>>> print(open('coords-v3.txt').read())   # compact mmCIF, C-alpha atoms
# COMPACT_ATOMS: atom_id res chain seq x y z
CA MET A 1 13.06 32.90 19.72
CA ALA A 2 13.70 30.41 22.52
CA ASP A 3 12.32 26.92 22.07
CA GLU A 4 9.60 25.83 24.44
CA VAL A 5 10.16 22.16 25.22
CA ILE A 6 7.96 20.27 27.65
CA LEU A 7 8.25 16.57 28.41
CA LEU A 8 5.30 14.74 29.94
CA GLY A 9 6.50 11.61 31.69
CA PHE A 10 6.00 9.12 34.46
CA TRP A 11 9.05 8.43 36.58
CA PRO A 12 9.36 4.59 36.35
CA SER A 13 8.63 4.49 32.62
CA PRO A 14 11.62 3.30 30.58
CA PHE A 15 10.02 5.03 27.57
CA GLY A 16 10.09 8.37 29.37
CA MET A 17 13.67 7.76 30.46
CA ARG A 18 14.73 7.24 26.84
CA THR A 19 13.47 10.67 25.98
CA ARG A 20 15.31 12.20 28.94
CA VAL A 21 18.61 10.59 27.92
CA ALA A 22 18.20 11.90 24.36
CA LEU A 23 17.38 15.44 25.51
CA ALA A 24 20.32 15.39 27.94
CA GLU A 25 22.72 14.16 25.25
CA LYS A 26 21.67 17.09 23.09
CA GLY A 27 21.84 19.59 25.94
CA VAL A 28 18.23 20.66 25.38
CA VAL A 29 16.68 22.83 28.08
CA TYR A 30 13.20 21.54 28.85
CA GLU A 31 10.48 21.51 31.45
CA TYR A 32 9.58 18.10 32.86
CA LYS A 33 6.02 17.45 34.03
CA GLU A 34 5.35 14.32 36.05
CA GLU A 35 2.02 12.72 35.15
CA ASP A 36 -0.26 10.87 37.54
CA LEU A 37 -1.44 8.02 35.31
CA GLN A 38 -4.47 7.50 37.55
CA ASP A 39 -5.45 11.13 36.95
CA LYS A 40 -4.08 12.24 33.58
CA SER A 41 -3.62 15.95 33.02
CA PRO A 42 -5.68 17.89 30.44
CA LEU A 43 -2.39 18.64 28.67
CA LEU A 44 -1.59 14.94 28.28
CA LEU A 45 -5.10 14.12 27.06
CA LYS A 46 -4.96 17.00 24.58
CA SER A 47 -1.42 16.18 23.41
CA ASN A 48 -1.97 12.46 22.97
CA PRO A 49 -5.73 11.99 22.51
CA ILE A 50 -5.35 8.66 20.70
CA HIS A 51 -3.21 6.71 23.15
CA LYS A 52 -3.34 8.97 26.23
CA GLU A 53 0.13 7.68 27.13
CA ILE A 54 3.44 9.14 28.15
CA PRO A 55 6.00 10.17 27.11
CA VAL A 56 4.86 13.13 25.06
CA LEU A 57 7.24 15.84 23.93
CA ASN A 58 5.65 19.22 23.39
CA HIS A 59 7.90 21.34 21.17
CA ASN A 60 6.64 24.90 20.70
CA GLY A 61 3.09 23.67 21.20
CA LYS A 62 3.37 20.69 18.83
CA PRO A 63 3.06 17.27 20.48
CA ILE A 64 5.18 14.29 19.45
CA CYS A 65 4.25 10.86 20.81
CA GLU A 66 5.81 7.39 21.00
CA SER A 67 9.26 7.31 22.60
CA LEU A 68 11.40 6.05 19.69
CA ILE A 69 9.65 8.49 17.36
CA ILE A 70 10.34 11.28 19.88
CA VAL A 71 14.03 10.27 20.15
CA GLN A 72 14.43 10.36 16.35
CA TYR A 73 12.66 13.74 16.26
CA ILE A 74 15.05 15.08 18.92
CA ASP A 75 18.00 13.78 16.88
CA GLU A 76 16.72 15.45 13.70
CA VAL A 77 15.84 18.82 15.25
CA TRP A 78 18.84 19.25 17.56
CA ASN A 79 21.29 18.02 14.99
CA ASP A 80 24.23 20.25 15.95
CA LYS A 81 25.71 17.80 18.48
CA SER A 82 25.75 14.19 19.71
CA PRO A 83 24.18 12.46 16.69
CA LEU A 84 22.19 9.44 17.85
CA LEU A 85 22.02 7.86 14.40
CA PRO A 86 25.03 7.05 12.22
CA LYS A 87 25.79 9.00 9.07
CA TYR A 88 25.30 6.29 6.46
CA SER A 89 22.00 4.70 5.39
CA TYR A 90 22.93 1.06 5.99
CA GLU A 91 24.27 1.73 9.48
CA ARG A 92 21.16 3.82 10.23
CA ALA A 93 18.93 0.92 9.15
CA HIS A 94 21.00 -1.39 11.33
CA ALA A 95 20.51 0.90 14.35
CA ARG A 96 16.76 1.20 13.72
CA PHE A 97 16.45 -2.58 13.45
CA TRP A 98 18.13 -3.20 16.81
CA ALA A 99 16.34 -0.33 18.58
CA ASP A 100 13.05 -1.80 17.35
CA PHE A 101 14.17 -5.27 18.49
CA ALA A 102 14.98 -4.06 22.02
CA ASP A 103 11.74 -2.08 22.10
CA LYS A 104 9.49 -4.95 21.03
CA LYS A 105 11.07 -7.81 22.89
CA ILE A 106 12.32 -6.54 26.25
CA SER A 107 8.98 -5.07 27.40
CA ASP A 108 7.08 -8.15 26.37
CA TYR A 109 9.37 -10.71 28.03
CA GLY A 110 9.96 -8.46 31.04
CA SER A 111 6.21 -8.20 31.66
CA ARG A 112 5.89 -11.95 31.65
CA ILE A 113 8.68 -12.25 34.23
CA LEU A 114 7.01 -9.69 36.49
CA TRP A 115 3.35 -10.63 36.20
CA LYS A 116 3.21 -14.33 35.33
CA LYS A 117 4.04 -17.53 37.14
CA GLY A 118 5.10 -21.06 36.25
CA GLU A 119 5.65 -21.91 32.60
CA GLU A 120 4.67 -18.46 31.28
CA GLN A 121 7.19 -16.82 33.56
CA GLU A 122 9.89 -19.32 32.56
CA GLU A 123 9.19 -18.56 28.89
CA GLY A 124 9.52 -14.88 29.68
CA LYS A 125 12.83 -15.46 31.43
CA LYS A 126 14.22 -17.54 28.57
CA GLY A 127 13.03 -15.03 25.96
CA PHE A 128 14.48 -12.12 27.93
CA LEU A 129 17.90 -13.75 28.30
CA ASP A 130 17.94 -14.88 24.65
CA CYS A 131 17.32 -11.25 23.64
CA LEU A 132 20.06 -9.97 25.91
CA LYS A 133 22.50 -12.49 24.44
CA LEU A 134 21.61 -11.35 20.92
CA LEU A 135 22.13 -7.75 22.01
CA GLU A 136 25.48 -8.71 23.57
CA GLY A 137 26.46 -10.13 20.17
CA GLU A 138 25.39 -6.92 18.46
CA LEU A 139 27.39 -4.80 20.94
CA GLY A 140 30.52 -6.89 20.32
CA GLU A 141 33.68 -5.10 21.36
CA LYS A 142 32.25 -1.61 20.91
CA PRO A 143 31.96 0.56 24.04
CA TYR A 144 28.42 1.54 23.05
CA PHE A 145 25.93 0.24 20.48
CA GLY A 146 26.44 3.60 18.77
CA GLY A 147 30.21 3.00 18.56
CA GLU A 148 32.30 5.59 20.37
CA SER A 149 29.26 7.47 21.66
CA LEU A 150 25.66 6.73 22.61
CA GLY A 151 23.38 5.87 19.72
CA LEU A 152 19.72 5.06 19.15
CA VAL A 153 20.08 1.48 20.38
CA ASP A 154 21.81 2.58 23.60
CA VAL A 155 19.04 5.13 24.24
CA ALA A 156 16.30 2.60 23.44
CA PHE A 157 17.70 -0.23 25.56
CA LEU A 158 19.40 1.51 28.53
CA PRO A 159 16.31 2.46 30.56
CA PHE A 160 15.26 -1.19 30.79
CA SER A 161 18.39 -1.71 32.89
CA CYS A 162 16.63 0.06 35.79
CA TRP A 163 14.12 -2.76 35.66
CA PHE A 164 16.72 -5.59 35.66
CA TYR A 165 16.70 -5.82 39.45
CA SER A 166 12.91 -6.27 39.43
CA PHE A 167 13.11 -8.92 36.69
CA GLU A 168 15.93 -10.71 38.53
CA THR A 169 14.12 -10.72 41.85
CA CYS A 170 10.76 -11.86 40.45
CA GLY A 171 12.34 -14.37 38.09
CA ASN A 172 15.14 -15.55 40.38
CA PHE A 173 18.10 -15.10 38.05
CA SER A 174 21.08 -12.81 37.57
CA VAL A 175 21.64 -10.71 34.45
CA GLU A 176 25.30 -10.24 35.37
CA LYS A 177 25.84 -14.00 35.54
CA GLU A 178 24.12 -14.66 32.20
CA CYS A 179 25.11 -11.55 30.26
CA PRO A 180 28.09 -9.85 31.90
CA LYS A 181 28.86 -7.72 28.84
CA ILE A 182 25.44 -6.10 29.11
CA ILE A 183 26.06 -5.15 32.75
CA ALA A 184 29.51 -3.81 31.82
CA TRP A 185 27.85 -1.71 29.08
CA VAL A 186 25.22 -0.38 31.53
CA GLU A 187 27.93 0.66 34.01
CA ARG A 188 29.93 2.32 31.24
CA CYS A 189 26.86 4.29 30.11
CA LYS A 190 26.07 5.37 33.68
CA GLU A 191 29.44 7.17 33.78
CA LYS A 192 27.87 9.68 31.42
CA GLU A 193 25.93 12.45 33.12
CA SER A 194 23.17 12.35 30.47
CA VAL A 195 22.48 8.77 31.55
CA SER A 196 23.06 8.93 35.31
CA LYS A 197 20.71 11.87 35.74
CA SER A 198 17.99 10.28 33.57
CA LEU A 199 17.83 6.71 34.87
CA GLN A 200 15.91 5.72 37.98
CA ASP A 201 17.20 3.80 41.00
CA PRO A 202 16.46 0.08 40.43
CA GLN A 203 15.46 -0.31 44.09
CA LYS A 204 12.80 2.40 43.71
CA ILE A 205 11.53 0.64 40.56
CA TYR A 206 11.25 -2.62 42.51
CA GLU A 207 9.31 -0.87 45.27
CA TYR A 208 6.97 0.50 42.57
CA VAL A 209 6.51 -3.02 41.15
CA ALA A 210 5.62 -4.24 44.65
CA VAL A 211 2.98 -1.48 44.94
CA LEU A 212 1.50 -2.50 41.56
CA LYS A 213 1.46 -6.17 42.54
CA LYS A 214 -0.44 -5.32 45.70
CA ARG A 215 -2.86 -3.09 43.78
CA PHE A 216 -3.64 -5.83 41.24
CA GLY A 217 -3.59 -8.64 43.77
CA VAL A 218 -0.65 -10.43 42.12
CA GLU A 219 1.85 -12.27 44.29
CA MET B 1 17.30 2.84 -12.34
CA ALA B 2 19.93 0.24 -11.48
CA GLY B 3 19.91 -0.69 -7.84
CA GLU B 4 23.48 -1.95 -7.88
CA GLY B 5 22.52 -5.45 -6.81
CA VAL B 6 19.25 -4.97 -4.97
CA LYS B 7 17.53 -8.22 -3.99
CA LEU B 8 14.19 -8.62 -2.26
CA PHE B 9 13.33 -11.85 -0.47
CA GLY B 10 9.57 -12.04 -0.29
CA MET B 11 6.37 -14.03 -0.41
CA TRP B 12 3.61 -13.21 -2.91
CA ALA B 13 0.79 -12.93 -0.35
CA SER B 14 2.60 -10.88 2.30
CA PRO B 15 1.43 -7.29 2.81
CA TYR B 16 4.75 -6.56 4.53
CA VAL B 17 6.60 -7.53 1.35
CA LEU B 18 4.14 -5.53 -0.78
CA ARG B 19 5.04 -2.38 1.18
CA VAL B 20 8.68 -2.77 0.23
CA ILE B 21 7.77 -3.42 -3.43
CA TRP B 22 5.79 -0.16 -3.48
CA ALA B 23 8.71 1.74 -1.95
CA LEU B 24 11.11 0.33 -4.57
CA LYS B 25 8.68 1.13 -7.39
CA LEU B 26 8.14 4.69 -6.11
CA LYS B 27 11.87 5.19 -6.45
CA GLY B 28 12.07 3.33 -9.77
CA ILE B 29 14.65 0.90 -8.35
CA GLU B 30 15.28 -2.29 -10.28
CA TYR B 31 15.60 -5.34 -8.10
CA GLU B 32 15.79 -9.08 -8.22
CA TYR B 33 12.83 -10.71 -6.49
CA ILE B 34 13.28 -14.05 -4.74
CA GLU B 35 10.07 -15.87 -3.77
CA GLU B 36 10.43 -17.74 -0.49
CA ASP B 37 8.55 -20.88 0.51
CA LEU B 38 7.83 -20.01 4.13
CA SER B 39 7.35 -23.66 5.03
CA ASN B 40 10.86 -24.34 3.74
CA LYS B 41 12.94 -21.19 4.16
CA SER B 42 16.09 -20.88 2.11
CA PRO B 43 19.49 -20.95 3.84
CA LEU B 44 20.14 -17.48 2.42
CA LEU B 45 17.02 -16.03 4.09
CA LEU B 46 17.92 -17.67 7.41
CA GLN B 47 21.41 -16.20 7.11
CA TYR B 48 20.26 -12.72 6.09
CA ASN B 49 17.55 -12.51 8.77
CA SER B 50 18.86 -14.75 11.51
CA VAL B 51 16.96 -12.81 14.21
CA TYR B 52 13.39 -13.15 12.91
CA LYS B 53 13.81 -15.54 9.94
CA LYS B 54 11.03 -13.66 8.10
CA VAL B 55 10.35 -11.86 4.86
CA PRO B 56 10.74 -9.19 3.62
CA VAL B 57 14.51 -8.87 3.59
CA LEU B 58 16.17 -6.38 1.28
CA VAL B 59 19.75 -7.09 0.37
CA TYR B 60 21.80 -4.26 -1.07
CA GLY B 61 25.30 -5.07 -2.17
CA GLN B 62 25.39 -8.19 0.05
CA LYS B 63 24.15 -6.26 3.12
CA PRO B 64 20.74 -7.32 4.46
CA VAL B 65 18.06 -5.06 5.91
CA ALA B 66 15.09 -6.64 7.69
CA GLU B 67 11.75 -5.37 9.08
CA SER B 68 9.54 -3.65 6.51
CA LEU B 69 9.37 -0.21 8.18
CA VAL B 70 13.17 -0.18 8.60
CA ILE B 71 13.58 -1.26 4.97
CA ILE B 72 11.29 1.53 3.69
CA GLU B 73 13.23 4.20 5.60
CA PHE B 74 16.48 2.70 4.27
CA ILE B 75 15.20 2.87 0.69
CA ASP B 76 14.08 6.46 1.26
CA GLU B 77 17.50 7.49 2.59
CA MET B 78 19.60 5.58 0.02
CA TRP B 79 17.69 6.96 -2.95
CA LYS B 80 16.75 10.55 -2.24
CA HIS B 81 14.52 11.35 -5.24
CA ASN B 82 10.70 10.95 -4.92
CA PRO B 83 10.82 11.18 -1.12
CA ILE B 84 8.55 8.82 0.81
CA LEU B 85 8.91 10.49 4.21
CA PRO B 86 8.38 14.26 4.54
CA GLU B 87 11.35 16.59 4.90
CA ASP B 88 10.13 18.44 8.01
CA PRO B 89 11.01 16.64 11.31
CA TYR B 90 7.54 17.19 12.81
CA GLU B 91 5.79 15.86 9.70
CA ARG B 92 8.18 12.89 9.71
CA ALA B 93 7.31 12.19 13.33
CA MET B 94 3.59 12.32 12.44
CA ALA B 95 4.11 9.94 9.50
CA ARG B 96 6.01 7.50 11.75
CA PHE B 97 3.25 7.84 14.37
CA TRP B 98 0.52 6.81 11.92
CA ALA B 99 2.64 3.97 10.55
CA LYS B 100 3.12 2.68 14.11
CA PHE B 101 -0.62 3.02 14.71
CA VAL B 102 -1.33 0.76 11.72
CA GLU B 103 1.23 -1.78 12.98
CA GLU B 104 0.36 -1.88 16.66
CA LYS B 105 -3.36 -1.12 16.72
CA PHE B 106 -4.97 -1.92 13.39
CA ILE B 107 -3.13 -5.14 12.52
CA PRO B 108 -3.96 -7.00 15.79
CA ALA B 109 -7.61 -5.83 15.51
CA ILE B 110 -8.06 -6.98 11.90
CA PHE B 111 -6.23 -10.21 12.65
CA GLY B 112 -8.61 -10.88 15.54
CA THR B 113 -11.60 -10.07 13.28
CA PHE B 114 -10.27 -12.60 10.79
CA SER B 115 -9.22 -15.37 13.16
CA LYS B 116 -11.96 -15.37 15.80
CA LEU B 117 -15.67 -16.09 15.95
CA GLY B 118 -18.74 -14.87 17.80
CA GLU B 119 -18.39 -12.31 20.56
CA GLU B 120 -14.60 -12.27 20.41
CA GLN B 121 -14.74 -11.51 16.69
CA GLU B 122 -17.26 -8.73 17.30
CA LYS B 123 -14.98 -7.15 19.88
CA PHE B 124 -12.02 -7.17 17.49
CA MET B 125 -14.16 -5.85 14.64
CA GLU B 126 -15.36 -2.90 16.72
CA GLU B 127 -11.73 -2.21 17.58
CA ALA B 128 -10.75 -2.39 13.87
CA LYS B 129 -13.56 0.02 12.91
CA LYS B 130 -12.57 2.39 15.72
CA ASN B 131 -8.98 2.33 14.48
CA LEU B 132 -10.10 3.12 10.93
CA ARG B 133 -12.13 6.08 12.23
CA ILE B 134 -9.00 7.32 13.96
CA LEU B 135 -6.98 6.78 10.78
CA GLU B 136 -9.55 8.90 8.92
CA GLU B 137 -8.63 11.80 11.22
CA GLY B 138 -5.00 11.31 10.25
CA LEU B 139 -5.96 11.64 6.60
CA GLN B 140 -7.24 15.18 7.33
CA GLY B 141 -9.23 15.36 4.11
CA LYS B 142 -6.17 14.80 1.92
CA LYS B 143 -6.27 12.36 -1.00
CA PHE B 144 -3.41 10.34 0.47
CA PHE B 145 -1.56 10.58 3.78
CA GLY B 146 1.34 11.80 1.65
CA GLY B 147 -0.82 14.54 0.10
CA GLU B 148 -1.36 14.39 -3.67
CA THR B 149 0.84 11.34 -4.02
CA ILE B 150 1.43 8.32 -1.80
CA GLY B 151 3.78 8.74 1.14
CA PHE B 152 5.08 6.70 4.05
CA VAL B 153 1.74 5.98 5.73
CA ASP B 154 0.10 5.04 2.42
CA VAL B 155 2.98 2.66 1.65
CA VAL B 156 2.77 1.15 5.16
CA GLY B 157 -1.04 0.99 5.37
CA GLY B 158 -2.26 0.86 1.78
CA TRP B 159 -2.42 -2.96 1.75
CA ILE B 160 -5.52 -2.57 3.97
CA ALA B 161 -7.46 -1.32 0.90
CA TYR B 162 -6.93 -4.68 -0.82
CA TRP B 163 -6.96 -7.04 2.16
CA VAL B 164 -10.06 -5.76 3.98
CA PRO B 165 -12.48 -6.60 1.13
CA VAL B 166 -10.84 -10.06 0.92
CA ILE B 167 -11.37 -10.55 4.66
CA GLU B 168 -14.95 -9.26 4.39
CA GLU B 169 -15.67 -11.82 1.66
CA ILE B 170 -14.22 -14.69 3.69
CA ILE B 171 -15.85 -13.89 7.05
CA GLY B 172 -19.10 -12.78 5.38
CA ILE B 173 -19.31 -9.50 7.33
CA LYS B 174 -18.89 -5.94 6.07
CA ILE B 175 -16.28 -4.09 8.10
CA VAL B 176 -15.83 -0.85 6.15
CA GLU B 177 -19.22 0.66 5.43
CA GLU B 178 -19.35 3.64 3.08
CA GLU B 179 -21.65 5.67 5.37
CA SER B 180 -19.63 5.28 8.56
CA LEU B 181 -16.14 5.48 7.00
CA PRO B 182 -16.51 7.65 3.88
CA LEU B 183 -12.95 9.03 3.85
CA ILE B 184 -11.37 5.61 4.38
CA ASN B 185 -13.58 4.25 1.61
CA LYS B 186 -12.36 6.97 -0.73
CA TRP B 187 -8.75 6.40 0.36
CA PHE B 188 -9.16 2.67 -0.44
CA LYS B 189 -10.34 3.54 -3.96
CA ASP B 190 -7.54 6.07 -4.52
CA ILE B 191 -4.88 3.65 -3.27
CA LEU B 192 -6.10 0.81 -5.49
CA ASP B 193 -6.21 3.20 -8.44
CA PHE B 194 -2.62 4.41 -7.97
CA ASN B 195 -0.41 3.18 -10.81
CA ILE B 196 2.33 1.33 -8.92
CA VAL B 197 -0.25 -0.25 -6.60
CA LYS B 198 -2.46 -1.46 -9.47
CA GLU B 199 0.42 -3.21 -11.19
CA SER B 200 1.74 -5.03 -8.13
CA LEU B 201 -1.24 -6.47 -6.25
CA PRO B 202 -1.29 -10.25 -5.70
CA PRO B 203 -3.96 -12.09 -7.75
CA ARG B 204 -7.24 -11.83 -5.82
CA ASP B 205 -8.59 -15.34 -6.35
CA LYS B 206 -5.29 -16.89 -5.28
CA LEU B 207 -5.18 -14.62 -2.22
CA VAL B 208 -8.76 -15.45 -1.21
CA ALA B 209 -8.04 -19.18 -1.56
CA LEU B 210 -4.89 -18.93 0.55
CA GLN B 211 -6.52 -16.78 3.23
CA LYS B 212 -9.44 -19.24 3.45
CA VAL B 213 -7.03 -22.10 4.17
CA TYR B 214 -5.13 -19.93 6.65
CA ARG B 215 -8.36 -19.02 8.44
CA GLU B 216 -9.41 -22.63 8.75
CA MET B 217 -6.05 -23.42 10.26
CA LEU B 218 -6.37 -20.54 12.76
CA LEU B 219 -9.93 -21.48 13.75
CA GLY B 220 -8.99 -25.15 14.01
CA SER B 221 -6.01 -24.50 16.25
CA SER B 222 -8.03 -22.48 18.75
CA ALA B 223 -10.84 -25.05 19.02
>>> encode(input="coords-v3.txt", output="C-alpha cells")
Amino acid sequence: MADEVILLGFWPSPFGMRTRVALAEKGVVYEYKEEDLQDKSPLLLKSNPIHKEIPVLNHNGKPICESLIIVQYIDEVWNDKSPLLPKYSYERAHARFWADFADKKISDYGSRILWKKGEEQEEGKKGFLDCLKLLEGELGEKPYFGGESLGLVDVAFLPFSCWFYSFETCGNFSVEKECPKIIAWVERCKEKESVSKSLQDPQKIYEYVAVLKKRFGVE
Amino acid sequence: MAGEGVKLFGMWASPYVLRVIWALKLKGIEYEYIEEDLSNKSPLLLQYNSVYKKVPVLVYGQKPVAESLVIIEFIDEMWKHNPILPEDPYERAMARFWAKFVEEKFIPAIFGTFSKLGEEQEKFMEEAKKNLRILEEGLQGKKFFGGETIGFVDVVGGWIAYWVPVIEEIIGIKIVEEESLPLINKWFKDILDFNIVKESLPPRDKLVALQKVYREMLLGSSA
C-alpha cells in the first residue's frame, strides 16, 4: 500500500523548510500544500487543533506537528537511507542538544533583530552572533554537523540561513565577516539537491519581511 | 544496576532535575548525585555545561549530557529495558509533542501565575488552566500518559502534581479545581502515589519556604 504523505507549510517558514529537507534526504514522495496563515485551511485546523501552526505532516491520515518532532519521525519511519541521527546514544544526545539550541536561540535573537530597535536590537544581534560562533565551534572541521552527511543539526539550522540576509540588512552586519565557517557550511549544503530545492531565496524572504513590517507598521 | 560511572549534577528543588531522577529510577540505574549551589556553581558544572551553565547535567563515563528532555531520551536509549518512550514512531512523536507542550506552553503560564499579581496574574492563570484542560485531552482517559505505568510525558510533566499545590498555597488561589479538571486531578493523585515519585520528592516545607523567598524576589524585581 502506497504511503500518503501530505505536508502543510508556509513558504518563508524555516520550520517548514526543515521538514522539506528531511523528506528530500529520504526520497519521500509527498504532496505539499501551501497554507494561507491569514485564512487557515480546515485540514490544518483539524490536523493541529492545539497550535494551529505549520508545518504539519499528515502520514496516512495521522498528523504530526512541531518541526523537530516531525523530522525525527521522518528519520524513524523512513529509516532505510540517509540517517539524520547518529547510531550511538551519546552522539544522538549531542545532536539533539545542538538542534534544540539552534531551534531555541536563532528564532528568538533573529526576531529581535528584525522587529526591535536600539538596545533590544543590539542585544539580539550580539546573541545571534554568539550563537553562530558556538555553532561554528560545534561544526569544527567536519563538512556537516552530521559528519560526512546531513544530520539533525544541519536540518534544524540550515533554513535559518535563508533569513540571514534579512537579519544582516535590518541589523547592519555581515554573517560572512563574523562567522565565515557558517557561510562556507551553508554553501556546501546548498550543493545538495535536497537542500537547494527546499530552501527559499533570501531576497524573497527579505521582501516578505518588508511586507510584514508595512502590515504591522514597523520601520 | 551499575551505571558504569553515572553522575547527576542537580539541585534539590529543581523540577528539571527531578525528571532525570525519575528516569534513572525507572531504569534502576545507580548514580552519584552531586548537589550544586546555583549561586556558586562548581567548575565541573561550568565545564560540563559550558553552553547553559545549568542543572541537570548527566555525566556518563566522563561524557556530559545537558537539557533534561535530551537527558531522558539518552537514558532511554542507553538502557533499553523499562522503556520510557513508546516503540511506535507515531506514538513517540505524540509523546514528544505533549512534552514540548508542557515545556513551551504550561511552564511560562504557571511561572506567570506565580510571579505576577492582579490582572496579569489572572491572565496567566487562565492560560495555565486552559493548558491543563488541553493536557487532559492528551491523557485520553488513561491512568498515565504512558498507559498503566509512567512514560515520557509523565516523567516530563509529573512535577506539576507536586508544584501546583505548593504554588496554590503561596499565592492563595486555587488553580486546579476538582470539578473543572477532574482527569488532571486524578492524574496528580496517581503520579504522587507512584512508587519512584513518592520516594524522591523534595521536602514540602523546605520547598514552600524556598519558593516563597523566590516569589518575593520576583515580585520585588518587577516593582
>>> interface_residues(input="coords-v3.txt", of="chain B", to="chain A", cutoff="10 Å", atoms="all atoms listed in the file", output="PyMOL selection string")
chain B and resi 51-52+60+63-79+88-97+100-101+131+134
>>> atom_distance(input="coords-v3.txt", atom1="CA of Gly61 (chain B)", atom2="CA of Ser82 (chain A)")
29.2 Å
>>> residues_around(input="coords-v3.txt", residues="Ile196 (chain B)", least_positions_apart="3", cutoff="12 Å", atoms="all atoms listed in the file", output="list in words")
Leu18, Arg19, Val20, Ile21, Trp22, Ala23, Leu24, Lys25, Leu26, Lys27, Gly28, Thr149, Ile150, Val155, Gly158, Asp190, Ile191, Leu192, Asp193, Glu199, Ser200 and Leu201 of chain B
>>> closest_residue(input="coords-v3.txt", among="B:Leu132, B:Val156, B:Val59, B:Leu46", to="Tyr16 (chain B)", atoms="only C-alpha atoms")
B:Val156
>>> residues_around(input="coords-v3.txt", residues="region 126-128 of chain A", least_positions_apart="5", cutoff="8 Å", atoms="all atoms listed in the file", output="number ranges by chain")
A: 105-106, 109-110
>>> residues_around(input="coords-v3.txt", residues="Trp187 (chain B)", least_positions_apart="6", cutoff="10 Å", atoms="all atoms listed in the file", output="MDAnalysis selection string")
chainID B and resid 136 139 141:145 154 158 161 181 193
>>> residues_around(input="coords-v3.txt", residues="region 111-116 of chain A", least_positions_apart="5", cutoff="6 Å", atoms="only C-alpha atoms", output="PyMOL selection string")
chain A and resi 121+124-125+170-171
>>> residues_near_point(input="coords-v3.txt", point="(-6.4, -13.1, -5.0)", cutoff="12 Å", atoms="only C-alpha atoms", output="PyMOL selection string")
chain B and resi 12-14+162-163+165-167+169-170+200-212
>>> atom_distance(input="coords-v3.txt", atom1="CA of Ser67 (chain A)", atom2="CA of Ala184 (chain A)")
24.9 Å
>>> atom_distance(input="coords-v3.txt", atom1="CA of Ser221 (chain B)", atom2="CA of Ser39 (chain B)")
17.5 Å
>>> residues_around(input="coords-v3.txt", residues="Leu139 (chain A)", least_positions_apart="4", cutoff="12 Å", atoms="only C-alpha atoms", output="ChimeraX atom specification")
/A:95,98,132-135,143-148,150-151,153-154,157,179,181-186
>>> residues_near_point(input="coords-v3.txt", point="(-1.3, 21.2, 32.2)", cutoff="12 Å", atoms="only C-alpha atoms", output="list in words")
Ile6, Leu7, Leu8, Glu31, Tyr32, Lys33, Glu34, Glu35, Asp36, Asp39, Lys40, Ser41, Pro42, Leu43, Leu44, Leu45, Lys46, Ser47 and Asn58 of chain A
>>> axis_aligned_box(input="coords-v3.txt", around="region 172-181 of chain A", padding_each_side="6 Å", output="AutoDock Vina command-line options")
--center_x 22.0 --center_y -11.6 --center_z 34.6 --size_x 25.7 --size_y 19.8 --size_z 23.5
